[in-house]
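This report concerns only the one structure given below.
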Amino acid sequence: MGAGAGPAVLGLVALLALWPCAKAGCAEEGRCCPGRDPTCASTGWRLSRAYGTCFCDAACKRTGDCCYDYAQACPALPCIVGEWTPWSGCPEQCKPNFRMRTRVIQQEPKNGGDPCPPLEEKAGCMEYTNYQGQDCANEHVPAFITTSEYNKERQKQAVHPRWSSVTEDSRSYCVEFRTETLSPRCSVENRPYARWMQYLREGYTVCVTCQSPAMHTGTHRCSGDGGHADGNKVLQWQAVGNPLCHGTWKKVQQMEECSCPLVHSFIFT
């Protein structure tokens with residue numbers, strides 16, 4: 001290298017010496033802020049390798065201007081919820097209604113962690129015995145149905161003393177129906193506990209399971225199951241949870257086990 005290069009090299013070294021190399025970040029500032037907070041900032045290297053003002057708020061992940069140590073200094077913490085409470089009882093006898101269960105937040109999400117899932121669930125229900133102990137199922141002509149997903153809870157606990165044991169005569173059975181008509185309100189239902197109604201379609205075959213909680217004490221059958229009706233008789237059904245979602249169907253056959261896909265499987269309530 002010639003003698004003339006000396007000053008240039010020295011100038012370059014001096015320039016590099018002036019280039020900031022400190023790694024100030026979230027840890028050094030001791031900051032971690034929720035949401036979008038322009039004041040939650042430091043001076044140092046960004047994740048993009050640019051030097052300058054960097055941020056320690058949760059929004060920096062979306063805007064791409066986090067300090068280099070954001071992920072370590074401000075780890076994302078997901079929402080944590082507790083266990084579901086037991087299902088509440090059906091609030092009214094002899095009338096379709098809701099039962100409910102809830103859960104509480106044990107840890108709020110932080111630093112862009114996963115948000116909390118729903119804290120409340122509702123399920124259609126119906127008590128078939130009134131306060132005087134009389135069977136009132138015959139008062140209801142339509143078949144009241146809800147999603148088969150709520151069958152899991154029904155199997156775990158008995159809501160009424162007369163359901164505590166399942167006899168040979170009260171074993172569950174499945175009825176296949178072909179839907180004839182349904183109201184427009186079924187297909188536009190978006191409430192979390194009622195979205196299953198969107199899977200009801202005209203001309204589709206659906207399976208509806210009759211289980212001991214919905215069976216009549218004497219006949220061990222579910223109200224609205226079609227009984228001995230042939231395939232030409234038009235029967236009525238109604239979705240529990242939205243009285244405006246209802247329609248008609250015709251019985252195809254009764255079986256011991258259902259064969260429909262889960263989205264087209266329901267239970268008598």
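Residues are referred to by chain and number: the chain letter is A, B, ... according to the order shown in the structure tokens, the number counts from 1 in that chain, and ligands are numbered separately from 1 in the order shown.
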Next item on the list: Pick out the residues sitting within 10 Å of region 27-33 of chain A, and hand them over as a ChimeraX atom specification; count only C-alpha atoms, and ignore anything fewer than 6 positions along from it in its own chain.
Entry: /A:39-43,55-59,67-70,72-75,110-111
Next item on the list: Based on DSSP run over this structure's backbone, return all residues of region 12-255 of chain A in helix (DSSP H, G or I), as a VMD selection string.
Entry: chain A and resid 12 to 18 26 to 29 60 to 63 70 to 73 137 to 139 148 to 156 161 to 163 168 to 170 184 to 186 192 to 199 212 to 214
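Of the listed residues (A:Ala229, A:Cys245, A:Leu235, A:Cys260), A:Cys245 comes nearest to Leu182 (chain A); the distances count only C-alpha atoms.
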Notebook entry, point to check: Where in region 26-160 of chain A does DSSP assign strand (DSSP E or B), given as an MDAnalysis selection string?
Noted result: chainID A and resid 33 41:46 51:55 57 66:67 77 80:81 93 97:102 105:107 110 120:125 127 129 135 143:147
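Take CA of Val206 (chain A) and CA of Ile267 (chain A): the distance between them is 10.4 Å.
Between CA of Thr269 (chain A) and CA of Ser223 (chain A) there is a distance of 9.0 Å.
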Next item on the list: Determine the nearest neighbour of His246 (chain A) from the options A:Leu77, A:Val263, A:Cys222, A:Cys186, counting only C-alpha atoms.
Entry: A:Cys186
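Atom pair CA of Ala76 (chain A) / CA of Ala24 (chain A): separated by 20.4 Å.
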Can you pull out the residues contacting region 97-106 of chain A? Cut-off 6 Å, using only C-alpha atoms, and skip same-chain residues under 4 positions away; I want them as a compact mmCIF listing (two decimals) with C-alpha atoms, in the first residue's frame.
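Okay, part.txt is ready:
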```txt
# COMPACT_ATOMS: atom_id res chain seq x y z
CA ILE A 80 -54.05 -19.36 30.27
CA VAL A 81 -57.57 -20.28 31.36
CA GLY A 82 -58.83 -22.59 34.07
CA GLU A 83 -60.98 -25.70 33.75
CA TRP A 84 -64.62 -25.49 32.74
CA THR A 85 -67.12 -25.36 35.57
CA TRP A 87 -72.71 -27.49 33.31
CA SER A 88 -75.52 -25.60 34.99
CA GLY A 89 -78.90 -27.28 35.20
CA CYS A 90 -81.62 -26.50 32.70
CA LEU A 119 -64.84 -18.11 28.50
CA GLU A 120 -68.47 -19.17 28.18
CA GLU A 121 -70.26 -22.04 26.46
CA LYS A 122 -73.97 -22.66 26.08
CA ALA A 123 -75.76 -25.86 25.17
CA GLY A 124 -79.37 -26.54 24.40
CA CYS A 125 -81.23 -28.44 27.10
```
Skipping near chain neighbours, those fewer than 3 positions away, what residues fall within 7 Å of Trp249 (chain A) using only C-alpha atoms, listed as a compact mmCIF listing (two decimals) with C-alpha atoms, in the first residue's frame?
```
# COMPACT_ATOMS: atom_id res chain seq x y z
CA PHE A 177 -83.83 -38.10 8.55
CA ARG A 178 -83.77 -36.40 5.16
CA THR A 179 -84.37 -32.68 5.56
CA GLU A 180 -87.21 -31.26 3.50
CA THR A 181 -87.31 -27.60 4.50
CA VAL A 234 -93.47 -34.96 7.11
CA LEU A 235 -92.16 -34.37 10.63
CA GLN A 236 -91.10 -31.17 12.36
```
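With only C-alpha atoms as the atoms that count, the residue of A:Arg191, A:Pro96, A:Pro78, A:Ser172 with the shortest distance to Glu108 (chain A) is A:Pro78.
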